[in-house]
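Peer 1: Pasting work.cif here (mmCIF, C-alpha atoms and all ligand atoms):
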data_coords
loop_
_atom_site.label_atom_id
_atom_site.label_comp_id
_atom_site.auth_asym_id
_atom_site.auth_seq_id
_atom_site.Cartn_x
_atom_site.Cartn_y
_atom_site.Cartn_z
CA MET E 1 6.91 -14.23 21.32
CA HIS E 2 3.61 -12.38 21.30
CA ALA E 3 1.56 -12.25 18.10
CA ALA E 4 -1.91 -11.39 16.81
CA ILE E 5 -3.15 -14.24 14.64
CA TYR E 6 -6.38 -15.74 13.31
CA ASP E 7 -7.54 -19.30 12.63
CA GLN E 8 -10.16 -18.50 10.00
CA PRO E 9 -10.41 -15.40 7.79
CA GLY E 10 -13.16 -12.90 8.53
CA LYS E 11 -13.93 -9.66 10.34
CA PRO E 12 -11.37 -7.91 12.58
CA GLU E 13 -12.66 -9.88 15.61
CA VAL E 14 -11.08 -13.08 14.23
CA LEU E 15 -7.72 -11.69 15.41
CA TYR E 16 -6.54 -12.73 18.86
CA TYR E 17 -3.39 -12.03 20.86
CA THR E 18 -1.39 -15.07 21.89
CA GLU E 19 2.04 -16.67 22.33
CA VAL E 20 3.68 -18.45 19.40
CA PRO E 21 7.18 -19.93 19.01
CA ASP E 22 10.03 -17.48 18.32
CA PRO E 23 11.16 -17.49 14.67
CA VAL E 24 14.74 -18.45 13.78
CA PRO E 25 16.56 -16.74 10.89
CA GLY E 26 17.63 -19.02 8.05
CA GLU E 27 20.02 -18.44 5.15
CA GLY E 28 19.87 -14.83 3.99
CA GLU E 29 17.41 -13.80 6.72
CA ILE E 30 17.54 -11.42 9.68
CA LEU E 31 15.71 -11.53 13.01
CA ILE E 32 14.29 -8.22 14.20
CA LYS E 33 12.85 -7.04 17.50
CA VAL E 34 9.72 -5.31 16.23
CA GLU E 35 9.11 -1.71 17.30
CA ALA E 36 6.17 -0.76 15.06
CA ILE E 37 3.75 -2.53 12.71
CA SER E 38 1.79 -0.79 9.94
CA ILE E 39 -1.62 -2.21 9.02
CA GLU E 40 -1.52 -2.33 5.23
CA GLY E 41 -4.38 -2.77 2.77
CA GLY E 42 -2.92 -6.20 2.05
CA ASP E 43 -3.28 -7.14 5.74
CA ILE E 44 -6.96 -6.22 5.63
CA GLY E 45 -7.54 -8.12 2.37
CA GLY E 46 -5.63 -11.14 3.67
CA ARG E 47 -7.49 -11.22 6.98
CA ARG E 48 -10.82 -10.96 5.16
CA SER E 49 -10.20 -13.80 2.73
CA SER E 50 -6.98 -15.85 3.16
CA PRO E 51 -6.88 -18.77 5.59
CA PRO E 52 -3.51 -19.22 7.35
CA ALA E 53 -1.23 -21.76 5.64
CA PHE E 54 -0.80 -23.56 8.98
CA ALA E 55 -2.15 -23.25 12.53
CA GLY E 56 -0.44 -20.40 14.38
CA GLN E 57 0.92 -18.70 11.24
CA VAL E 58 1.58 -15.00 11.81
CA GLY E 59 0.34 -12.76 9.02
CA GLY E 60 1.10 -9.20 8.00
CA TYR E 61 3.35 -7.25 5.66
CA ALA E 62 5.05 -4.23 7.20
CA SER E 63 7.02 -3.64 10.37
CA SER E 64 10.15 -1.90 11.58
CA GLY E 65 12.57 -2.82 14.31
CA GLU E 66 16.12 -3.50 15.42
CA VAL E 67 18.24 -6.30 13.95
CA ILE E 68 19.07 -8.71 16.80
CA GLU E 69 20.44 -11.71 14.87
CA LEU E 70 21.80 -12.42 11.39
CA GLY E 71 21.14 -15.67 9.54
CA PRO E 72 23.92 -17.39 7.60
CA GLY E 73 25.24 -15.43 4.65
CA VAL E 74 23.87 -12.00 5.61
CA THR E 75 26.44 -9.25 5.09
CA SER E 76 24.21 -6.29 4.22
CA PHE E 77 23.16 -5.59 7.85
CA LYS E 78 24.67 -5.80 11.31
CA VAL E 79 23.18 -6.42 14.74
CA GLY E 80 21.81 -3.12 16.09
CA ASP E 81 20.76 -1.71 12.70
CA LYS E 82 17.28 -0.21 12.52
CA VAL E 83 15.33 -1.54 9.55
CA SER E 84 11.95 -1.24 7.89
CA VAL E 85 10.87 -4.53 6.35
CA PHE E 86 8.23 -6.01 4.12
CA SER E 87 7.30 -9.59 3.39
CA TRP E 88 4.14 -11.62 2.85
CA LYS E 89 3.90 -12.75 6.48
CA GLY E 90 5.05 -12.22 10.04
CA SER E 91 4.49 -8.51 10.80
CA HIS E 92 1.88 -8.93 13.55
CA ALA E 93 4.37 -10.09 16.18
CA SER E 94 7.02 -8.91 18.64
CA LEU E 95 9.80 -10.73 16.73
CA ARG E 96 10.09 -11.25 13.00
CA VAL E 97 12.30 -13.08 10.54
CA VAL E 98 12.55 -11.55 7.05
CA PRO E 99 14.85 -11.87 4.04
CA ALA E 100 17.65 -9.28 4.25
CA SER E 101 16.80 -8.47 0.62
CA GLN E 102 13.36 -7.24 1.77
CA SER E 103 14.75 -4.97 4.49
CA TRP E 104 15.71 -1.29 4.25
CA LEU E 105 18.02 0.62 6.59
CA VAL E 106 15.97 3.28 8.38
CA PRO E 107 17.50 6.73 7.84
CA GLU E 108 19.22 8.12 10.95
CA GLY E 109 16.73 9.73 13.31
CA MET E 110 13.59 8.60 11.47
CA ASP E 111 10.72 7.66 13.76
CA MET E 112 10.18 3.88 13.62
CA LYS E 113 6.39 4.24 13.32
CA LEU E 114 6.86 6.50 10.34
CA ALA E 115 9.46 4.10 8.91
CA THR E 116 6.93 1.27 8.77
CA ALA E 117 3.99 3.48 7.77
CA ALA E 118 5.99 4.78 4.81
CA LEU E 119 7.80 1.82 3.30
CA ILE E 120 5.19 -0.04 1.26
CA GLY E 121 2.91 2.90 0.45
CA THR E 122 5.61 5.23 -0.84
CA GLY E 123 7.51 2.41 -2.55
CA THR E 124 4.41 1.13 -4.33
CA ALA E 125 3.45 4.65 -5.38
CA ALA E 126 6.92 5.25 -6.84
CA GLN E 127 6.88 1.91 -8.65
CA ALA E 128 3.36 2.44 -10.04
CA LEU E 129 4.24 5.88 -11.41
CA PHE E 130 7.46 4.49 -12.88
CA GLN E 131 5.56 1.69 -14.64
CA GLY E 132 2.84 4.10 -15.78
CA ASP E 133 5.57 6.49 -17.03
CA LEU E 134 3.65 9.56 -15.88
CA LYS E 135 5.11 12.77 -17.27
CA ALA E 136 4.85 16.50 -16.54
CA GLY E 137 1.78 18.03 -18.12
CA GLU E 138 -0.13 14.74 -18.19
CA THR E 139 -3.26 13.87 -16.26
CA VAL E 140 -3.53 10.95 -13.84
CA LEU E 141 -6.54 9.41 -12.10
CA VAL E 142 -5.80 7.71 -8.76
CA LEU E 143 -8.49 5.31 -7.58
CA GLY E 144 -8.38 5.07 -3.77
CA ALA E 145 -6.75 8.48 -3.28
CA ALA E 146 -7.06 8.41 0.53
CA GLY E 147 -5.35 5.04 1.00
CA GLY E 148 -1.87 4.25 2.21
CA VAL E 149 -0.72 3.84 -1.39
CA GLY E 150 -3.04 6.55 -2.72
CA VAL E 151 -1.72 9.44 -0.59
CA PRO E 152 1.95 9.13 -1.70
CA THR E 153 0.80 8.50 -5.28
CA LEU E 154 -0.94 11.89 -5.27
CA GLN E 155 2.17 13.60 -3.92
CA LEU E 156 4.64 11.97 -6.30
CA ALA E 157 2.34 12.56 -9.29
CA SER E 158 1.96 16.20 -8.34
CA LYS E 159 5.77 16.56 -7.97
CA ILE E 160 6.14 15.13 -11.49
CA GLY E 161 3.98 18.02 -12.66
CA ALA E 162 0.81 16.14 -13.52
CA ARG E 163 -2.80 17.14 -12.95
CA VAL E 164 -4.02 14.72 -10.28
CA LEU E 165 -7.58 13.43 -10.13
CA GLY E 166 -8.50 11.06 -7.30
CA THR E 167 -11.49 9.11 -6.04
CA GLY E 168 -12.68 8.51 -2.49
CA SER E 169 -15.81 7.94 -0.46
CA SER E 170 -15.63 11.10 1.69
CA ALA E 171 -15.88 14.61 0.20
CA ALA E 172 -14.30 16.14 3.32
CA THR E 173 -11.35 13.75 3.20
CA LEU E 174 -10.79 14.45 -0.48
CA GLU E 175 -10.74 18.19 0.28
CA GLU E 176 -7.97 17.50 2.84
CA LEU E 177 -6.07 15.58 0.16
CA ARG E 178 -5.57 18.82 -1.76
CA ASN E 179 -2.73 19.31 0.78
CA TYR E 180 -1.16 16.15 -0.66
CA GLY E 181 -1.28 17.11 -4.32
CA LEU E 182 -4.85 16.22 -5.30
CA SER E 183 -6.17 18.75 -7.79
CA ASP E 184 -9.57 17.28 -8.71
CA PRO E 185 -11.51 15.30 -6.06
CA ILE E 186 -14.02 12.75 -7.37
CA VAL E 187 -16.48 11.63 -4.72
CA LEU E 188 -17.88 8.13 -5.17
CA ASN E 189 -21.62 8.58 -5.76
CA ASP E 190 -24.33 7.58 -8.22
CA THR E 191 -22.55 9.29 -11.13
CA PRO E 192 -20.04 6.83 -12.64
CA ILE E 193 -16.37 7.73 -12.14
CA ALA E 194 -15.75 7.82 -15.92
CA GLU E 195 -18.60 10.30 -16.38
CA GLN E 196 -17.25 12.55 -13.60
CA VAL E 197 -13.76 12.46 -15.17
CA LYS E 198 -15.09 13.31 -18.62
CA SER E 199 -17.03 16.28 -17.32
CA LEU E 200 -13.89 17.56 -15.52
CA LEU E 201 -11.79 17.12 -18.67
CA ASN E 202 -14.30 18.56 -21.17
CA GLY E 203 -15.03 15.15 -22.61
CA GLY E 204 -11.39 13.99 -22.63
CA GLY E 205 -9.68 11.23 -20.68
CA VAL E 206 -6.67 10.85 -18.41
CA ASP E 207 -3.25 9.74 -19.68
CA VAL E 208 -2.70 7.36 -16.78
CA LEU E 209 -5.08 5.49 -14.47
CA ILE E 210 -3.72 3.99 -11.26
CA ASP E 211 -6.05 1.57 -9.50
CA THR E 212 -4.85 1.34 -5.90
CA VAL E 213 -8.12 -0.32 -4.87
CA GLY E 214 -8.51 -3.30 -7.19
CA LEU E 215 -12.05 -2.41 -8.21
CA ALA E 216 -14.49 -5.15 -9.21
CA ASN E 217 -15.94 -2.74 -11.77
CA LEU E 218 -12.64 -1.44 -13.18
CA GLN E 219 -14.00 -2.01 -16.70
CA GLU E 220 -16.61 0.71 -16.08
CA VAL E 221 -13.81 3.16 -15.21
CA LEU E 222 -11.71 2.50 -18.33
CA PRO E 223 -13.63 5.07 -20.44
CA ALA E 224 -12.00 7.66 -18.13
CA VAL E 225 -8.68 6.86 -19.90
CA LYS E 226 -7.87 8.44 -23.25
CA ASP E 227 -7.18 6.19 -26.23
CA GLY E 228 -3.62 4.86 -26.01
CA GLY E 229 -3.47 5.67 -22.28
CA ARG E 230 -1.76 3.60 -19.59
CA VAL E 231 -3.47 1.69 -16.78
CA VAL E 232 -1.55 0.49 -13.72
CA ILE E 233 -3.38 -2.10 -11.64
CA LEU E 234 -1.96 -2.67 -8.17
CA GLY E 235 -4.88 -2.88 -5.73
CA ALA E 236 -6.37 -6.23 -4.82
CA PHE E 237 -9.44 -5.56 -2.64
CA GLU E 238 -12.05 -6.65 -5.18
CA SER E 239 -9.84 -7.66 -8.10
CA SER E 240 -10.78 -11.36 -7.96
CA GLN E 241 -14.25 -10.29 -9.15
CA ALA E 242 -13.05 -7.96 -11.92
CA THR E 243 -13.58 -8.77 -15.58
CA LEU E 244 -11.93 -6.68 -18.28
CA SER E 245 -13.02 -6.59 -21.91
CA THR E 246 -10.06 -7.42 -24.12
CA MET E 247 -12.01 -6.02 -27.08
CA TYR E 248 -12.35 -2.68 -25.26
CA ILE E 249 -8.63 -2.67 -24.42
CA LEU E 250 -7.53 -3.34 -27.98
CA ALA E 251 -10.08 -0.99 -29.55
CA HIS E 252 -8.84 1.84 -27.32
CA ARG E 253 -5.14 0.82 -27.56
CA LEU E 254 -4.78 0.78 -23.76
CA VAL E 255 -1.52 -0.33 -22.18
CA ILE E 256 -2.17 -2.34 -19.01
CA HIS E 257 0.57 -2.71 -16.38
CA GLY E 258 0.35 -5.13 -13.47
CA CYS E 259 2.32 -3.86 -10.47
CA LEU E 260 3.13 -6.19 -7.57
CA LEU E 261 5.95 -4.91 -5.42
CA GLY E 262 6.96 -8.24 -3.89
CA GLN E 263 7.42 -9.80 -7.33
CA ALA E 264 8.97 -6.64 -8.80
CA LEU E 265 11.78 -6.62 -6.20
CA VAL E 266 13.81 -8.91 -8.45
CA ASP E 267 13.71 -6.21 -11.15
CA ASP E 268 16.51 -3.67 -11.53
CA GLY E 269 15.96 -0.42 -9.65
CA VAL E 270 12.96 -1.44 -7.53
CA TYR E 271 14.83 -1.86 -4.19
CA GLU E 272 16.57 1.49 -4.82
CA ARG E 273 13.26 3.17 -5.77
CA MET E 274 11.80 2.05 -2.43
CA ASP E 275 14.92 3.25 -0.60
CA THR E 276 14.58 6.67 -2.19
CA ALA E 277 10.89 6.90 -1.30
CA LEU E 278 11.65 5.90 2.32
CA GLY E 279 14.29 8.64 2.42
CA GLN E 280 11.78 11.18 1.08
CA ALA E 281 9.39 10.20 3.88
CA ALA E 282 12.20 10.59 6.44
CA THR E 283 12.94 14.16 5.37
CA GLY E 284 9.25 15.09 5.08
CA GLU E 285 9.52 15.63 1.33
CA LEU E 286 6.77 12.99 1.19
CA LYS E 287 4.15 13.38 3.92
CA VAL E 288 3.01 10.04 5.37
CA PRO E 289 0.11 10.59 7.75
CA ILE E 290 -0.35 8.31 10.77
CA ASP E 291 -3.89 8.00 12.05
CA LYS E 292 -3.79 6.09 15.37
CA VAL E 293 -1.45 3.87 17.40
CA PHE E 294 -2.73 0.72 19.13
CA PRO E 295 -0.98 -1.93 21.24
CA LEU E 296 -0.60 -5.21 19.31
CA SER E 297 -2.77 -6.82 22.02
CA GLU E 298 -5.65 -4.74 20.56
CA ALA E 299 -5.09 -5.90 16.98
CA ALA E 300 -8.80 -6.51 16.36
CA ALA E 301 -9.65 -2.90 17.27
CA ALA E 302 -6.69 -1.65 15.24
CA HIS E 303 -7.85 -3.59 12.15
CA ALA E 304 -11.41 -2.31 12.63
CA ARG E 305 -10.06 1.26 12.60
CA ALA E 306 -7.82 0.56 9.62
CA GLU E 307 -10.70 -0.63 7.46
CA GLU E 308 -12.99 2.31 8.22
CA ARG E 309 -13.71 4.04 4.94
CA GLY E 310 -13.30 7.76 4.29
CA ARG E 311 -10.27 8.42 6.50
CA ILE E 312 -6.59 9.16 5.94
CA GLY E 313 -3.46 7.73 7.55
CA ARG E 314 -1.87 4.45 8.50
CA VAL E 315 -2.96 2.65 11.65
CA ILE E 316 0.09 1.49 13.61
CA MET E 317 0.46 -1.21 16.27
CA VAL E 318 3.27 -1.51 18.81
CA PRO E 319 4.18 -4.84 20.44
N1 LIG E 401 0.54 -4.41 -5.92
C1 LIG E 401 1.27 -4.03 -4.89
O1 LIG E 401 2.50 -4.08 -4.90
C2 LIG E 401 0.56 -3.50 -3.69
C3 LIG E 401 1.25 -2.78 -2.70
C4 LIG E 401 0.53 -2.25 -1.64
C5 LIG E 401 -0.85 -2.47 -1.56
N2 LIG E 401 -1.46 -3.21 -2.50
C6 LIG E 401 -2.91 -3.43 -2.48
O2 LIG E 401 -3.51 -2.18 -2.76
C7 LIG E 401 -4.76 -2.05 -2.05
C8 LIG E 401 -4.73 -0.79 -1.23
O3 LIG E 401 -3.72 -0.86 -0.24
P1 LIG E 401 -3.57 0.33 0.81
O4 LIG E 401 -2.53 -0.09 1.74
O5 LIG E 401 -3.49 1.63 0.12
O6 LIG E 401 -4.99 0.22 1.54
P2 LIG E 401 -5.71 1.27 2.50
O7 LIG E 401 -4.71 2.17 3.10
O8 LIG E 401 -6.59 0.46 3.37
O9 LIG E 401 -6.58 2.18 1.52
C9 LIG E 401 -7.48 1.62 0.63
C10 LIG E 401 -8.36 2.73 0.02
O10 LIG E 401 -9.16 2.06 -0.92
C11 LIG E 401 -10.51 2.50 -0.82
N3 LIG E 401 -11.40 1.34 -0.95
C12 LIG E 401 -12.25 1.17 -1.97
N4 LIG E 401 -12.86 -0.01 -1.90
C13 LIG E 401 -12.42 -0.61 -0.79
C14 LIG E 401 -12.73 -1.84 -0.17
N5 LIG E 401 -13.61 -2.72 -0.69
N6 LIG E 401 -12.12 -2.13 0.99
C15 LIG E 401 -11.24 -1.26 1.54
N7 LIG E 401 -10.89 -0.07 0.97
C16 LIG E 401 -11.49 0.25 -0.19
C17 LIG E 401 -10.62 3.28 0.45
O11 LIG E 401 -11.09 4.55 0.03
P3 LIG E 401 -12.13 5.44 0.89
O12 LIG E 401 -11.62 5.39 2.32
O13 LIG E 401 -12.05 6.78 0.28
O14 LIG E 401 -13.45 4.79 0.79
C18 LIG E 401 -9.22 3.38 1.04
O15 LIG E 401 -8.79 4.71 1.20
C19 LIG E 401 -4.89 -3.35 -1.25
O16 LIG E 401 -5.69 -4.24 -1.99
C20 LIG E 401 -3.47 -3.88 -1.15
O17 LIG E 401 -3.44 -5.28 -1.02
C21 LIG E 401 -0.79 -3.73 -3.57
#
Render the structure in this file as structure tokens.

Peer 2:
Amino acid sequence: MHAAIYDQPGKPEVLYYTEVPDPVPGEGEILIKVEAISIEGGDIGGRRSSPPAFAGQVGGYASSGEVIELGPGVTSFKVGDKVSVFSWKGSHASLRVVPASQSWLVPEGMDMKLATAALIGTGTAAQALFQGDLKAGETVLVLGAAGGVGVPTLQLASKIGARVLGTGSSAATLEELRNYGLSDPIVLNDTPIAEQVKSLLNGGGVDVLIDTVGLANLQEVLPAVKDGGRVVILGAFESSQATLSTMYILAHRLVIHGCLLGQALVDDGVYERMDTALGQAATGELKVPIDKVFPLSEAAAAHARAEERGRIGRVIMVP
């Protein structure tokens, strides 16, 4: 099969298009003929910093396609089903093997590019808001508002009835995000985020903070949260460099939630929550913007586009 892989982590140019052996589905797995691949934040982070586990390993989280073979023991899908799937590896290829338990039936008539663009972002947003227990009338701050997870988080938070603050690097893009539920744009500049939040809230703080970026300086943003508030950490871009003050957390009675979708899938309700969010994207109840479509053979250019700051929308590749 065709795949876009890299030998050493680094800039988008490390990706090259090549032939690798076809995968074979094992127990509980399905083989899909890939129709669309979404470049996720995790793909960018992985390509920047994670060496492949073995030569020729195919990376990548999200893709959608048609089921062409069932591994032993799979009863939840049949050959010919259209699915949107997510796993730690294997998306950047024309064929993919994934656990059936990490595959979702694509709603009838849903565009397959949209099906892959939507799955992880909307599902993560729903899970993060569930863990953060955001309620009507509360205030939430979304770090990384323009991202693939950020955009559905704004929409779902706004539907809950919350006031939605969000950060981003482009003022123009944040203005556009008002169409997705953002009420208070916070442009990243020399004024610290916490200071900008406090001046918007007359000295107060938000009830819930959702970090979809994984900021190295998350500690500096914590004063934006009111005492006793909830913090959901899900982003991973700079998180390996982050240091949090436990004394600050206990003095301000903060509740910190770690949210990692892949691990959370074993928890009750998470698969169903993702299914619901995918359905909302299919009907347009949740808007999932797509930025550009590239052939998989141009994966390096696609990744370069995906990591441009200050823009909205998933970058999609087609095999
Ligand atoms: N825990 C989970 O279950 C889970 C699920 C999905 C994703 N993630 C993680 O969440 C993060 C975001 O994913 P995503 O798919 O939303 O990514 P994305 O679509 O690429 O968006 C990331 C946003 O973060 C902002 N950003 C700030 N610092 C950045 C940096 N150093 N590099 C790149 N972007 C930066 C950008 O804002 P501006 O453009 O405004 O500058 C961008 O809009 C990733 O680390 C990903 O691995 C975790």

Peer 1: Write out as an MDAnalysis selection string each polymer residue (protein, DNA or RNA) that has an atom no more than 8 Å from ligand LIG 401 (chain E), with only C-alpha atoms and all ligand atoms counted.

Peer 2: chainID E and resid 39:46 120:121 124 143:150 167:170 173:174 212:215 233:238 258:264 306:314

Peer 1: Please identify all polymer residues within 8 Å of segment 69-83 of chain E, counting only C-alpha atoms, omitting same-chain residues fewer than 3 positions from it, and present them as a ChimeraX atom specification.

Peer 2: /E:25-32,64-66,100,103-106

Peer 1: Those residues you just picked out, can you put them in a file as a JSON list (two decimals), in the frame of the given file with C-alpha atoms?

Peer 2:
[["chain", "number", "residue", "atom", "x", "y", "z"],
["E", 25, "PRO", "CA", 16.56, -16.74, 10.89],
["E", 26, "GLY", "CA", 17.63, -19.02, 8.05],
["E", 27, "GLU", "CA", 20.02, -18.44, 5.15],
["E", 28, "GLY", "CA", 19.87, -14.83, 3.99],
["E", 29, "GLU", "CA", 17.41, -13.80, 6.72],
["E", 30, "ILE", "CA", 17.54, -11.42, 9.68],
["E", 31, "LEU", "CA", 15.71, -11.53, 13.01],
["E", 32, "ILE", "CA", 14.29, -8.22, 14.20],
["E", 64, "SER", "CA", 10.15, -1.90, 11.58],
["E", 65, "GLY", "CA", 12.57, -2.82, 14.31],
["E", 66, "GLU", "CA", 16.12, -3.50, 15.42],
["E", 100, "ALA", "CA", 17.65, -9.28, 4.25],
["E", 103, "SER", "CA", 14.75, -4.97, 4.49],
["E", 104, "TRP", "CA", 15.71, -1.29, 4.25],
["E", 105, "LEU", "CA", 18.02, 0.62, 6.59],
["E", 106, "VAL", "CA", 15.97, 3.28, 8.38]]

Peer 1: Excluding Leu129 of chain E and residues on its chain fewer than 4 positions from it, collect all residues at most 10 Å away from it, counting all atoms listed in the file, and give them as number ranges by chain.

Peer 2: E: 124-125, 133-135, 140, 153, 156-157, 160, 208-210, 232, 259

Peer 1: Could you tell me how far atom CA of Pro21 of chain E lies from atom CA of Arg48 of chain E, in Å and to one decimal?

Peer 2: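 These two atoms are separated by 24.4 Å.
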
Peer 1: Can you tell me, as number ranges by chain, what residues are no more than 7 Å from segment 300-303 of chain E when counting all atoms listed in the file, ignoring any on the same chain fewer than 5 positions away?

Peer 2: E: 12-13, 15, 294, 315

Peer 1: Just write the chosen residues, C-alpha atoms, as a JSON list (two decimals), in the frame of the given file.

Peer 2:
[["chain", "number", "residue", "atom", "x", "y", "z"],
["E", 12, "PRO", "CA", -11.37, -7.91, 12.58],
["E", 13, "GLU", "CA", -12.66, -9.88, 15.61],
["E", 15, "LEU", "CA", -7.72, -11.69, 15.41],
["E", 294, "PHE", "CA", -2.73, 0.72, 19.13],
["E", 315, "VAL", "CA", -2.96, 2.65, 11.65]]

Peer 1: Can you work out which one of E:Val206, E:Ala299, E:Ala36, E:Met1 has the shortest atom-to-atom distance to Ala117 of chain E, counting all atoms listed in the file?

Peer 2: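 Nearest to Ala117 of chain E: E:Ala36.
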
Peer 1: Could you give me, as CSV, every segment 25-138 of chain E residue with an atom at most 8 Å from segment 272-283 of chain E, plus its closest atom pair and distance in Å to one decimal, counting all atoms listed in the file, rows ordered by chain then number?

Peer 2:
residue,atom,partner,partner_atom,distance
E:Trp104,CA,E:Asp275,CA,6.7
E:Val106,CA,E:Leu278,CA,7.9
E:Pro107,CA,E:Gly279,CA,6.6
E:Met110,CA,E:Ala282,CA,5.6
E:Leu114,CA,E:Ala282,CA,7.8
E:Ala115,CA,E:Leu278,CA,7.2
E:Ala118,CA,E:Leu278,CA,6.3
E:Leu119,CA,E:Leu278,CA,5.7
E:Ile120,CA,E:Met274,CA,7.9
E:Thr122,CA,E:Ala277,CA,5.6
E:Gly123,CA,E:Met274,CA,4.3
E:Thr124,CA,E:Met274,CA,7.7
E:Ala126,CA,E:Arg273,CA,6.8
E:Gln127,CA,E:Arg273,CA,7.1

Peer 1: Store the residues picked out above in a file with C-alpha atoms, as a PDB file, in the coordinates of the input.

Peer 2:
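What landed in part.pdb:
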ATOM      1  CA  TRP E 104      15.710  -1.290   4.250  1.00  0.00           C
ATOM      2  CA  VAL E 106      15.970   3.280   8.380  1.00  0.00           C
ATOM      3  CA  PRO E 107      17.500   6.730   7.840  1.00  0.00           C
ATOM      4  CA  MET E 110      13.590   8.600  11.470  1.00  0.00           C
ATOM      5  CA  LEU E 114       6.860   6.500  10.340  1.00  0.00           C
ATOM      6  CA  ALA E 115       9.460   4.100   8.910  1.00  0.00           C
ATOM      7  CA  ALA E 118       5.990   4.780   4.810  1.00  0.00           C
ATOM      8  CA  LEU E 119       7.800   1.820   3.300  1.00  0.00           C
ATOM      9  CA  ILE E 120       5.190  -0.040   1.260  1.00  0.00           C
ATOM     10  CA  THR E 122       5.610   5.230  -0.840  1.00  0.00           C
ATOM     11  CA  GLY E 123       7.510   2.410  -2.550  1.00  0.00           C
ATOM     12  CA  THR E 124       4.410   1.130  -4.330  1.00  0.00           C
ATOM     13  CA  ALA E 126       6.920   5.250  -6.840  1.00  0.00           C
ATOM     14  CA  GLN E 127       6.880   1.910  -8.650  1.00  0.00           C
TER      15      GLN E 127
END

Peer 1: Counting all atoms listed in the file, figure out which residue out of E:Ser38, E:Arg253, E:Ala162, E:Ala224 gets nearest to Val293 of chain E.

Peer 2: E:Ser38

Peer 1: Suppose you want the space between atom CA of Glu35 of chain E and atom CA of Tyr61 of chain E; what is it in Å?

Peer 2: 14.1 Å

Peer 1: For a quick check of understanding, using all atoms listed in the file, which of E:Leu154, E:Met112, E:Ala62, E:Leu218 has the smallest distance to Trp88 of chain E?

Peer 2: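 Among the listed residues, E:Ala62 lies closest to Trp88 of chain E.
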
Peer 1: Give me, as a list in words, all polymer residues having an atom no more than 6 Å from Gly90 of chain E, counting all atoms listed in the file and skipping those fewer than 5 positions away in the same chain.

Peer 2: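 Everything that qualifies: Val58, Gly59, Gly60 and Arg96 of chain E.
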
Peer 1: Have a look at atom CA of Lys113 of chain E and atom CA of Ile5 of chain E and let me know their distance in Å, one decimal.

Peer 2: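 Interatomic distance here is 20.8 Å.
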